[in-house]
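Q: I am sharing query.tsv, which consists of TSV, N, CA and C atoms:
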```tsv
chain	number	residue	atom	x	y	z
U	32	MET	N	104.44	53.00	69.97
U	32	MET	CA	105.36	52.98	68.85
U	32	MET	C	106.39	54.09	69.05
U	33	TYR	N	107.64	53.73	68.85
U	33	TYR	CA	108.69	54.72	68.93
U	33	TYR	C	109.77	54.40	67.91
U	34	ALA	N	110.64	55.38	67.68
U	34	ALA	CA	111.74	55.22	66.73
U	34	ALA	C	112.98	55.89	67.31
U	35	ILE	N	114.13	55.33	66.98
U	35	ILE	CA	115.40	55.95	67.30
U	35	ILE	C	115.87	56.63	66.02
U	36	VAL	N	116.03	57.94	66.07
U	36	VAL	CA	116.37	58.72	64.89
U	36	VAL	C	117.64	59.53	65.15
U	37	GLU	N	118.46	59.67	64.13
U	37	GLU	CA	119.68	60.47	64.25
U	37	GLU	C	119.44	61.83	63.63
U	38	ILE	N	119.64	62.87	64.45
U	38	ILE	CA	119.45	64.26	64.01
U	38	ILE	C	120.71	65.03	64.34
U	39	LYS	N	121.38	65.53	63.31
U	39	LYS	CA	122.60	66.32	63.46
U	39	LYS	C	123.64	65.62	64.32
U	40	GLY	N	123.82	64.30	64.12
U	40	GLY	CA	124.86	63.57	64.81
U	40	GLY	C	124.49	63.02	66.17
U	41	GLN	N	123.28	63.29	66.66
U	41	GLN	CA	122.83	62.78	67.95
U	41	GLN	C	121.63	61.87	67.76
U	42	GLN	N	121.50	60.86	68.61
U	42	GLN	CA	120.38	59.94	68.53
U	42	GLN	C	119.32	60.32	69.55
U	43	PHE	N	118.05	60.29	69.10
U	43	PHE	CA	116.92	60.64	69.94
U	43	PHE	C	115.87	59.56	69.85
U	44	LYS	N	115.13	59.36	70.95
U	44	LYS	CA	113.98	58.48	70.96
U	44	LYS	C	112.76	59.33	70.63
U	45	ALA	N	112.11	59.03	69.51
U	45	ALA	CA	110.99	59.83	69.04
U	45	ALA	C	109.69	59.04	69.20
U	46	GLU	N	108.73	59.64	69.89
U	46	GLU	CA	107.39	59.08	70.05
U	46	GLU	C	106.39	60.12	69.56
U	47	GLU	N	105.30	59.65	68.95
U	47	GLU	CA	104.30	60.57	68.41
U	47	GLU	C	103.68	61.40	69.54
U	48	GLY	N	103.56	62.71	69.30
U	48	GLY	CA	102.97	63.62	70.27
U	48	GLY	C	103.94	64.16	71.30
U	49	LYS	N	105.22	63.74	71.26
U	49	LYS	CA	106.22	64.21	72.24
U	49	LYS	C	107.03	65.36	71.64
U	50	PHE	N	107.68	66.12	72.52
U	50	PHE	CA	108.55	67.22	72.12
U	50	PHE	C	110.00	66.78	72.17
U	51	LEU	N	110.81	67.35	71.30
U	51	LEU	CA	112.26	67.12	71.31
U	51	LEU	C	112.96	68.46	71.22
U	52	TYR	N	114.06	68.59	71.94
U	52	TYR	CA	114.94	69.73	71.79
U	52	TYR	C	116.17	69.23	71.06
U	53	VAL	N	116.30	69.58	69.77
U	53	VAL	CA	117.42	69.14	68.95
U	53	VAL	C	118.36	70.32	68.73
U	54	HIS	N	119.58	70.01	68.29
U	54	HIS	CA	120.51	71.09	67.98
U	54	HIS	C	119.90	72.03	66.95
U	55	PHE	N	120.28	73.29	67.01
U	55	PHE	CA	119.71	74.35	66.18
U	55	PHE	C	119.72	73.94	64.71
U	56	LEU	N	118.54	73.94	64.08
U	56	LEU	CA	118.40	73.48	62.70
U	56	LEU	C	118.76	74.54	61.68
U	57	GLY	N	119.00	75.75	62.10
U	57	GLY	CA	119.41	76.81	61.18
U	57	GLY	C	118.28	77.77	60.87
U	58	GLU	N	118.61	78.72	60.04
U	58	GLU	CA	117.65	79.77	59.68
U	58	GLU	C	116.54	79.27	58.77
U	59	GLU	N	116.74	78.12	58.09
U	59	GLU	CA	115.72	77.62	57.17
U	59	GLU	C	114.53	77.01	57.89
U	60	ALA	N	114.65	76.69	59.17
U	60	ALA	CA	113.54	76.12	59.95
U	60	ALA	C	112.72	77.26	60.54
U	61	LYS	N	111.53	77.45	59.98
U	61	LYS	CA	110.63	78.50	60.45
U	61	LYS	C	109.58	77.90	61.38
U	62	GLU	N	108.97	78.76	62.19
U	62	GLU	CA	107.95	78.30	63.13
U	62	GLU	C	106.73	77.79	62.38
U	63	GLY	N	106.23	76.59	62.76
U	63	GLY	CA	105.07	76.00	62.12
U	63	GLY	C	105.39	75.19	60.87
U	64	GLU	N	106.65	75.18	60.47
U	64	GLU	CA	107.06	74.47	59.26
U	64	GLU	C	107.25	72.98	59.55
U	65	ALA	N	106.99	72.15	58.53
U	65	ALA	CA	107.16	70.70	58.67
U	65	ALA	C	108.59	70.32	58.31
U	66	VAL	N	109.16	69.41	59.12
U	66	VAL	CA	110.52	68.92	58.91
U	66	VAL	C	110.46	67.40	58.99
U	67	ALA	N	111.21	66.73	58.10
U	67	ALA	CA	111.25	65.27	58.12
U	67	ALA	C	112.68	64.81	58.29
U	68	PHE	N	112.88	63.80	59.15
U	68	PHE	CA	114.20	63.21	59.38
U	68	PHE	C	114.14	61.77	58.88
U	69	ASP	N	115.02	61.43	57.95
U	69	ASP	CA	114.93	60.12	57.32
U	69	ASP	C	116.01	59.13	57.78
U	70	LYS	N	116.88	59.53	58.68
U	70	LYS	CA	117.90	58.61	59.18
U	70	LYS	C	117.36	57.93	60.45
U	71	VAL	N	116.45	56.97	60.23
U	71	VAL	CA	115.82	56.23	61.32
U	71	VAL	C	116.62	54.95	61.53
U	72	LEU	N	117.14	54.77	62.73
U	72	LEU	CA	118.01	53.63	63.03
U	72	LEU	C	117.23	52.42	63.53
U	73	LEU	N	116.09	52.64	64.20
U	73	LEU	CA	115.31	51.54	64.78
U	73	LEU	C	113.86	51.97	64.89
U	74	ILE	N	112.96	51.02	64.64
U	74	ILE	CA	111.52	51.26	64.83
U	74	ILE	C	110.95	50.12	65.65
U	75	ASP	N	110.21	50.47	66.71
U	75	ASP	CA	109.52	49.48	67.53
U	75	ASP	C	108.03	49.76	67.45
U	76	ALA	N	107.30	48.86	66.79
U	76	ALA	CA	105.85	49.00	66.65
U	76	ALA	C	105.19	47.89	67.46
U	77	ASP	N	104.99	48.14	68.74
U	77	ASP	CA	104.33	47.20	69.66
U	77	ASP	C	105.00	45.83	69.66
U	78	GLY	N	106.30	45.81	69.85
U	78	GLY	CA	107.04	44.56	69.94
U	78	GLY	C	107.65	44.11	68.63
U	79	ASP	N	107.18	44.63	67.51
U	79	ASP	CA	107.75	44.30	66.20
U	79	ASP	C	108.89	45.28	65.93
U	80	VAL	N	110.13	44.83	66.12
U	80	VAL	CA	111.30	45.70	66.04
U	80	VAL	C	111.97	45.55	64.69
U	81	LYS	N	112.22	46.71	64.04
U	81	LYS	CA	113.00	46.74	62.79
U	81	LYS	C	114.28	47.51	63.06
U	82	VAL	N	115.41	46.87	62.82
U	82	VAL	CA	116.70	47.51	63.02
U	82	VAL	C	117.34	47.72	61.66
U	83	GLY	N	117.79	48.93	61.41
U	83	GLY	CA	118.42	49.24	60.14
U	83	GLY	C	119.90	48.95	60.16
U	84	ALA	N	120.45	48.87	58.96
U	84	ALA	CA	121.89	48.65	58.83
U	84	ALA	C	122.45	49.60	57.78
U	85	PRO	N	122.75	50.83	58.03
U	85	PRO	CA	122.64	51.57	59.29
U	85	PRO	C	121.27	52.21	59.51
U	86	ALA	N	120.44	52.38	58.47
U	86	ALA	CA	119.14	53.02	58.64
U	86	ALA	C	118.05	52.12	58.05
U	87	VAL	N	116.83	52.29	58.56
U	87	VAL	CA	115.69	51.53	58.06
U	87	VAL	C	115.25	52.15	56.74
U	88	GLU	N	115.13	51.32	55.70
U	88	GLU	CA	114.77	51.81	54.36
U	88	GLU	C	113.32	52.32	54.35
U	89	GLY	N	113.12	53.51	53.81
U	89	GLY	CA	111.79	54.07	53.63
U	89	GLY	C	111.14	54.64	54.87
U	90	ALA	N	111.80	54.58	56.00
U	90	ALA	CA	111.23	55.10	57.24
U	90	ALA	C	111.66	56.54	57.45
U	91	LYS	N	110.76	57.32	58.03
U	91	LYS	CA	111.10	58.70	58.37
U	91	LYS	C	110.23	59.19	59.52
U	92	VAL	N	110.68	60.25	60.15
U	92	VAL	CA	109.96	60.86	61.26
U	92	VAL	C	109.58	62.27	60.82
U	93	GLU	N	108.26	62.54	60.83
U	93	GLU	CA	107.77	63.85	60.42
U	93	GLU	C	107.51	64.69	61.66
U	94	CYS	N	108.05	65.92	61.65
U	94	CYS	CA	107.96	66.82	62.81
U	94	CYS	C	107.46	68.18	62.38
U	95	GLU	N	107.04	68.95	63.38
U	95	GLU	CA	106.67	70.35	63.18
U	95	GLU	C	107.53	71.20	64.09
U	96	VAL	N	108.10	72.27	63.54
U	96	VAL	CA	108.94	73.17	64.32
U	96	VAL	C	108.04	74.08	65.15
U	97	LEU	N	108.16	73.98	66.48
U	97	LEU	CA	107.36	74.82	67.36
U	97	LEU	C	108.08	76.12	67.68
U	98	THR	N	109.33	76.03	68.08
U	98	THR	CA	110.15	77.21	68.38
U	98	THR	C	111.49	77.04	67.69
U	99	PRO	N	111.82	77.88	66.71
U	99	PRO	CA	113.07	77.68	65.97
U	99	PRO	C	114.33	77.91	66.79
U	100	LEU	N	114.28	78.80	67.79
U	100	LEU	CA	115.47	79.10	68.58
U	100	LEU	C	115.14	79.11	70.06
U	101	VAL	N	115.70	78.16	70.78
U	101	VAL	CA	115.57	78.08	72.23
U	101	VAL	C	116.99	78.01	72.78
U	102	LYS	N	117.28	78.84	73.77
U	102	LYS	CA	118.62	78.81	74.36
U	102	LYS	C	118.61	77.94	75.60
U	103	GLY	N	119.63	77.11	75.73
U	103	GLY	CA	119.76	76.22	76.88
U	103	GLY	C	120.30	76.96	78.09
U	104	GLU	N	120.54	76.21	79.15
U	104	GLU	CA	121.07	76.81	80.37
U	104	GLU	C	122.52	77.23	80.16
U	105	LYS	N	122.93	78.22	80.93
U	105	LYS	CA	124.28	78.74	80.80
U	105	LYS	C	125.28	77.79	81.45
U	106	VAL	N	126.36	77.54	80.72
U	106	VAL	CA	127.45	76.70	81.21
U	106	VAL	C	128.64	77.62	81.44
U	107	ILE	N	129.19	77.60	82.64
U	107	ILE	CA	130.33	78.44	82.99
U	107	ILE	C	131.61	77.64	82.77
U	108	VAL	N	132.54	78.24	82.02
U	108	VAL	CA	133.86	77.64	81.79
U	108	VAL	C	134.86	78.50	82.54
U	109	PHE	N	135.50	77.93	83.56
U	109	PHE	CA	136.44	78.68	84.39
U	109	PHE	C	137.79	77.97	84.35
U	110	LYS	N	138.83	78.72	83.92
U	110	LYS	CA	140.17	78.16	83.84
U	110	LYS	C	141.07	78.91	84.82
U	111	LYS	N	141.93	78.16	85.51
U	111	LYS	CA	142.82	78.78	86.48
U	111	LYS	C	144.10	77.97	86.58
U	112	LYS	N	145.20	78.69	86.70
U	112	LYS	CA	146.48	78.05	86.99
U	112	LYS	C	146.95	78.60	88.33
U	113	ARG	N	147.13	77.71	89.27
U	113	ARG	CA	147.44	78.17	90.61
U	113	ARG	C	148.81	78.83	90.68
U	114	ARG	N	148.89	79.84	91.53
U	114	ARG	CA	150.11	80.60	91.82
U	114	ARG	C	150.65	81.36	90.61
U	115	LYS	N	149.91	81.49	89.54
U	115	LYS	CA	150.39	82.20	88.34
U	115	LYS	C	149.58	83.46	88.05
U	116	GLY	N	148.49	83.66	88.74
U	116	GLY	CA	147.65	84.83	88.48
U	116	GLY	C	146.82	84.69	87.22
U	117	TYR	N	146.65	83.48	86.70
U	117	TYR	CA	145.91	83.24	85.46
U	117	TYR	C	144.51	82.74	85.80
U	118	ARG	N	143.50	83.56	85.47
U	118	ARG	CA	142.10	83.18	85.68
U	118	ARG	C	141.29	83.68	84.50
U	119	ARG	N	140.49	82.80	83.90
U	119	ARG	CA	139.62	83.16	82.79
U	119	ARG	C	138.23	82.59	83.06
U	120	LYS	N	137.22	83.43	82.93
U	120	LYS	CA	135.84	83.00	83.12
U	120	LYS	C	135.08	83.27	81.83
U	121	ASN	N	134.41	82.24	81.33
U	121	ASN	CA	133.68	82.35	80.08
U	121	ASN	C	132.36	81.61	80.23
U	122	GLY	N	131.30	82.10	79.59
U	122	GLY	CA	129.99	81.45	79.64
U	122	GLY	C	129.52	81.09	78.25
U	123	HIS	N	128.62	80.09	78.18
U	123	HIS	CA	128.11	79.63	76.89
U	123	HIS	C	126.68	79.14	77.06
U	124	ARG	N	125.81	79.50	76.10
U	124	ARG	CA	124.45	78.99	76.06
U	124	ARG	C	124.23	78.34	74.71
U	125	GLN	N	123.92	77.06	74.71
U	125	GLN	CA	123.73	76.30	73.48
U	125	GLN	C	122.37	76.63	72.87
U	126	CYS	N	122.30	76.69	71.54
U	126	CYS	CA	121.06	76.95	70.82
U	126	CYS	C	120.38	75.64	70.43
U	127	PHE	N	119.07	75.55	70.66
U	127	PHE	CA	118.29	74.38	70.33
U	127	PHE	C	117.08	74.78	69.50
U	128	THR	N	116.42	73.78	68.89
U	128	THR	CA	115.16	73.96	68.20
U	128	THR	C	114.16	72.99	68.83
U	129	LYS	N	112.97	73.50	69.19
U	129	LYS	CA	111.94	72.65	69.79
U	129	LYS	C	111.04	72.14	68.68
U	130	VAL	N	110.93	70.80	68.56
U	130	VAL	CA	110.07	70.20	67.53
U	130	VAL	C	109.05	69.27	68.18
U	131	LEU	N	107.90	69.12	67.53
U	131	LEU	CA	106.85	68.21	67.94
U	131	LEU	C	106.81	67.06	66.96
U	132	ILE	N	106.85	65.83	67.45
U	132	ILE	CA	106.81	64.64	66.61
U	132	ILE	C	105.37	64.43	66.17
U	133	LYS	N	105.11	64.55	64.87
U	133	LYS	CA	103.76	64.38	64.34
U	133	LYS	C	103.46	62.93	63.99
U	134	LYS	N	104.38	62.30	63.22
U	134	LYS	CA	104.09	60.96	62.72
U	134	LYS	C	105.38	60.21	62.46
U	135	ILE	N	105.35	58.90	62.72
U	135	ILE	CA	106.46	58.02	62.39
U	135	ILE	C	106.01	57.15	61.22
U	136	VAL	N	106.67	57.32	60.09
U	136	VAL	CA	106.31	56.58	58.87
U	136	VAL	C	107.22	55.38	58.76
U	137	THR	N	106.60	54.18	58.69
U	137	THR	CA	107.39	52.95	58.54
U	137	THR	C	107.44	52.55	57.08
U	138	ALA	N	108.40	51.72	56.77
U	138	ALA	CA	108.59	51.29	55.38
U	138	ALA	C	107.53	50.29	54.98
```
Let's see the structure in the file written out as structure tokens.
A:
Amino acid sequence: MYAIVEIKGQQFKAEEGKFLYVHFLGEEAKEGEAVAFDKVLLIDADGDVKVGAPAVEGAKVECEVLTPLVKGEKVIVFKKKRRKGYRRKNGHRQCFTKVLIKKIVTA
């Protein structure tokens, strides 16, 4: 059984017992706290597929926050204009939250 859920503007495939790295949920997400996402777009329960328009009514994905702040790999942004002496180097590390999928509740 799996579900396609939208979290902070991105779609994820959620299966029970799996981990997800989602965009940083903010300071309100504490370690060990339960979080529920109710914008479920699709549920597949062993071949029985329910597709929402846009979301499945009454369905939600219950998760537990394992690590509230995880930093991703560093991305280097380098800008250069040739023959002008213009060079800028900048780095960025995206913040994520690691969650464990506990249960997928169907309608």
Q: Set the distance at 8 Å and use only C-alpha atoms: which residues neighbour segment 86-94 of chain U once local chain neighbours fewer than 3 positions away are removed? I'd like the list as a list of chain:residue names.
A: U:Val36, U:Ala45, U:Ala65, U:Val66, U:Ala67, U:Phe68, U:Asp69, U:Lys70, U:Val71, U:Leu72, U:Leu73, U:Ile74, U:Lys81, U:Val82, U:Gly83, U:Val130, U:Leu131, U:Ile132, U:Lys133, U:Lys134, U:Ile135, U:Val136, U:Thr137, U:Ala138
Q: Take the residues that were just selected and, keeping N, CA and C atoms, output them as a PDB file, in the frame of the given file.
A:
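This is the output file out.pdb:
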```pdb
ATOM      1  N   VAL U  36     116.030  57.940  66.070  1.00  0.00           N
ATOM      2  CA  VAL U  36     116.370  58.720  64.890  1.00  0.00           C
ATOM      3  C   VAL U  36     117.640  59.530  65.150  1.00  0.00           C
ATOM      4  N   ALA U  45     112.110  59.030  69.510  1.00  0.00           N
ATOM      5  CA  ALA U  45     110.990  59.830  69.040  1.00  0.00           C
ATOM      6  C   ALA U  45     109.690  59.040  69.200  1.00  0.00           C
ATOM      7  N   ALA U  65     106.990  72.150  58.530  1.00  0.00           N
ATOM      8  CA  ALA U  65     107.160  70.700  58.670  1.00  0.00           C
ATOM      9  C   ALA U  65     108.590  70.320  58.310  1.00  0.00           C
ATOM     10  N   VAL U  66     109.160  69.410  59.120  1.00  0.00           N
ATOM     11  CA  VAL U  66     110.520  68.920  58.910  1.00  0.00           C
ATOM     12  C   VAL U  66     110.460  67.400  58.990  1.00  0.00           C
ATOM     13  N   ALA U  67     111.210  66.730  58.100  1.00  0.00           N
ATOM     14  CA  ALA U  67     111.250  65.270  58.120  1.00  0.00           C
ATOM     15  C   ALA U  67     112.680  64.810  58.290  1.00  0.00           C
ATOM     16  N   PHE U  68     112.880  63.800  59.150  1.00  0.00           N
ATOM     17  CA  PHE U  68     114.200  63.210  59.380  1.00  0.00           C
ATOM     18  C   PHE U  68     114.140  61.770  58.880  1.00  0.00           C
ATOM     19  N   ASP U  69     115.020  61.430  57.950  1.00  0.00           N
ATOM     20  CA  ASP U  69     114.930  60.120  57.320  1.00  0.00           C
ATOM     21  C   ASP U  69     116.010  59.130  57.780  1.00  0.00           C
ATOM     22  N   LYS U  70     116.880  59.530  58.680  1.00  0.00           N
ATOM     23  CA  LYS U  70     117.900  58.610  59.180  1.00  0.00           C
ATOM     24  C   LYS U  70     117.360  57.930  60.450  1.00  0.00           C
ATOM     25  N   VAL U  71     116.450  56.970  60.230  1.00  0.00           N
ATOM     26  CA  VAL U  71     115.820  56.230  61.320  1.00  0.00           C
ATOM     27  C   VAL U  71     116.620  54.950  61.530  1.00  0.00           C
ATOM     28  N   LEU U  72     117.140  54.770  62.730  1.00  0.00           N
ATOM     29  CA  LEU U  72     118.010  53.630  63.030  1.00  0.00           C
ATOM     30  C   LEU U  72     117.230  52.420  63.530  1.00  0.00           C
ATOM     31  N   LEU U  73     116.090  52.640  64.200  1.00  0.00           N
ATOM     32  CA  LEU U  73     115.310  51.540  64.780  1.00  0.00           C
ATOM     33  C   LEU U  73     113.860  51.970  64.890  1.00  0.00           C
ATOM     34  N   ILE U  74     112.960  51.020  64.640  1.00  0.00           N
ATOM     35  CA  ILE U  74     111.520  51.260  64.830  1.00  0.00           C
ATOM     36  C   ILE U  74     110.950  50.120  65.650  1.00  0.00           C
ATOM     37  N   LYS U  81     112.220  46.710  64.040  1.00  0.00           N
ATOM     38  CA  LYS U  81     113.000  46.740  62.790  1.00  0.00           C
ATOM     39  C   LYS U  81     114.280  47.510  63.060  1.00  0.00           C
ATOM     40  N   VAL U  82     115.410  46.870  62.820  1.00  0.00           N
ATOM     41  CA  VAL U  82     116.700  47.510  63.020  1.00  0.00           C
ATOM     42  C   VAL U  82     117.340  47.720  61.660  1.00  0.00           C
ATOM     43  N   GLY U  83     117.790  48.930  61.410  1.00  0.00           N
ATOM     44  CA  GLY U  83     118.420  49.240  60.140  1.00  0.00           C
ATOM     45  C   GLY U  83     119.900  48.950  60.160  1.00  0.00           C
ATOM     46  N   VAL U 130     110.930  70.800  68.560  1.00  0.00           N
ATOM     47  CA  VAL U 130     110.070  70.200  67.530  1.00  0.00           C
ATOM     48  C   VAL U 130     109.050  69.270  68.180  1.00  0.00           C
ATOM     49  N   LEU U 131     107.900  69.120  67.530  1.00  0.00           N
ATOM     50  CA  LEU U 131     106.850  68.210  67.940  1.00  0.00           C
ATOM     51  C   LEU U 131     106.810  67.060  66.960  1.00  0.00           C
ATOM     52  N   ILE U 132     106.850  65.830  67.450  1.00  0.00           N
ATOM     53  CA  ILE U 132     106.810  64.640  66.610  1.00  0.00           C
ATOM     54  C   ILE U 132     105.370  64.430  66.170  1.00  0.00           C
ATOM     55  N   LYS U 133     105.110  64.550  64.870  1.00  0.00           N
ATOM     56  CA  LYS U 133     103.760  64.380  64.340  1.00  0.00           C
ATOM     57  C   LYS U 133     103.460  62.930  63.990  1.00  0.00           C
ATOM     58  N   LYS U 134     104.380  62.300  63.220  1.00  0.00           N
ATOM     59  CA  LYS U 134     104.090  60.960  62.720  1.00  0.00           C
ATOM     60  C   LYS U 134     105.380  60.210  62.460  1.00  0.00           C
ATOM     61  N   ILE U 135     105.350  58.900  62.720  1.00  0.00           N
ATOM     62  CA  ILE U 135     106.460  58.020  62.390  1.00  0.00           C
ATOM     63  C   ILE U 135     106.010  57.150  61.220  1.00  0.00           C
ATOM     64  N   VAL U 136     106.670  57.320  60.090  1.00  0.00           N
ATOM     65  CA  VAL U 136     106.310  56.580  58.870  1.00  0.00           C
ATOM     66  C   VAL U 136     107.220  55.380  58.760  1.00  0.00           C
ATOM     67  N   THR U 137     106.600  54.180  58.690  1.00  0.00           N
ATOM     68  CA  THR U 137     107.390  52.950  58.540  1.00  0.00           C
ATOM     69  C   THR U 137     107.440  52.550  57.080  1.00  0.00           C
ATOM     70  N   ALA U 138     108.400  51.720  56.770  1.00  0.00           N
ATOM     71  CA  ALA U 138     108.590  51.290  55.380  1.00  0.00           C
ATOM     72  C   ALA U 138     107.530  50.290  54.980  1.00  0.00           C
TER      73      ALA U 138
END
```
Q: Just the residues within 6 Å of Val106 of chain U, please, counting all atoms listed in the file, with nothing from its chain fewer than 4 positions along; format it as a list of chain:residue names.
A: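 Here the answer would be U:Asn121, U:Gly122, U:His123, U:Arg124.
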Q: Using Å and a single decimal, report how far atom CA of Leu100 of chain U sits from atom N of Lys120 of chain U.
A: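 Going from atom N of Lys120 of chain U over to atom CA of Leu100 of chain U covers 26.4 Å.
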Q: Give me every strand (DSSP E or B) residue in chain U, going by DSSP on the backbone, as a ChimeraX atom specification.
A: /U:33-38,41-46,50-54,65-68,71-76,79-82,91-112,117-136
Q: Please measure the separation of atom N of Asp75 of chain U and atom N of Lys39 of chain U, giving the value in Å to one decimal.
A: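 Distance between the two atoms: 19.1 Å.
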Q: Quick check, in Å to one decimal: how far apart do atom CA of Gly57 of chain U and atom CA of Gly103 of chain U lie?
A: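 That distance, rounded to one decimal, is 15.7 Å.
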Q: Reconstruct segment 106-123 of chain U at the level of N, CA, C and O atoms, and format the result as a compact mmCIF listing (two decimals), keeping the file's coordinate frame.
A:
```txt
# COMPACT_ATOMS: atom_id res chain seq x y z
N VAL U 106 126.36 77.54 80.72
CA VAL U 106 127.45 76.70 81.21
C VAL U 106 128.64 77.62 81.44
O VAL U 106 129.05 78.35 80.54
N ILE U 107 129.19 77.60 82.64
CA ILE U 107 130.33 78.44 82.99
C ILE U 107 131.61 77.64 82.77
O ILE U 107 131.76 76.53 83.27
N VAL U 108 132.54 78.24 82.02
CA VAL U 108 133.86 77.64 81.79
C VAL U 108 134.86 78.50 82.54
O VAL U 108 135.05 79.68 82.21
N PHE U 109 135.50 77.93 83.56
CA PHE U 109 136.44 78.68 84.39
C PHE U 109 137.79 77.97 84.35
O PHE U 109 137.89 76.80 84.66
N LYS U 110 138.83 78.72 83.92
CA LYS U 110 140.17 78.16 83.84
C LYS U 110 141.07 78.91 84.82
O LYS U 110 140.99 80.14 84.92
N LYS U 111 141.93 78.16 85.51
CA LYS U 111 142.82 78.78 86.48
C LYS U 111 144.10 77.97 86.58
O LYS U 111 144.07 76.74 86.52
N LYS U 112 145.20 78.69 86.70
CA LYS U 112 146.48 78.05 86.99
C LYS U 112 146.95 78.60 88.33
O LYS U 112 147.12 79.81 88.48
N ARG U 113 147.13 77.71 89.27
CA ARG U 113 147.44 78.17 90.61
C ARG U 113 148.81 78.83 90.68
O ARG U 113 149.75 78.45 89.98
N ARG U 114 148.89 79.84 91.53
CA ARG U 114 150.11 80.60 91.82
C ARG U 114 150.65 81.36 90.61
O ARG U 114 151.78 81.82 90.64
N LYS U 115 149.91 81.49 89.54
CA LYS U 115 150.39 82.20 88.34
C LYS U 115 149.58 83.46 88.05
O LYS U 115 149.95 84.21 87.15
N GLY U 116 148.49 83.66 88.74
CA GLY U 116 147.65 84.83 88.48
C GLY U 116 146.82 84.69 87.22
O GLY U 116 146.32 85.68 86.69
N TYR U 117 146.65 83.48 86.70
CA TYR U 117 145.91 83.24 85.46
C TYR U 117 144.51 82.74 85.80
O TYR U 117 144.34 81.68 86.39
N ARG U 118 143.50 83.56 85.47
CA ARG U 118 142.10 83.18 85.68
C ARG U 118 141.29 83.68 84.50
O ARG U 118 141.39 84.85 84.13
N ARG U 119 140.49 82.80 83.90
CA ARG U 119 139.62 83.16 82.79
C ARG U 119 138.23 82.59 83.06
O ARG U 119 138.09 81.40 83.36
N LYS U 120 137.22 83.43 82.93
CA LYS U 120 135.84 83.00 83.12
C LYS U 120 135.08 83.27 81.83
O LYS U 120 135.14 84.36 81.29
N ASN U 121 134.41 82.24 81.33
CA ASN U 121 133.68 82.35 80.08
C ASN U 121 132.36 81.61 80.23
O ASN U 121 132.28 80.59 80.91
N GLY U 122 131.30 82.10 79.59
CA GLY U 122 129.99 81.45 79.64
C GLY U 122 129.52 81.09 78.25
O GLY U 122 129.96 81.66 77.26
N HIS U 123 128.62 80.09 78.18
CA HIS U 123 128.11 79.63 76.89
C HIS U 123 126.68 79.14 77.06
O HIS U 123 126.36 78.44 78.02
```
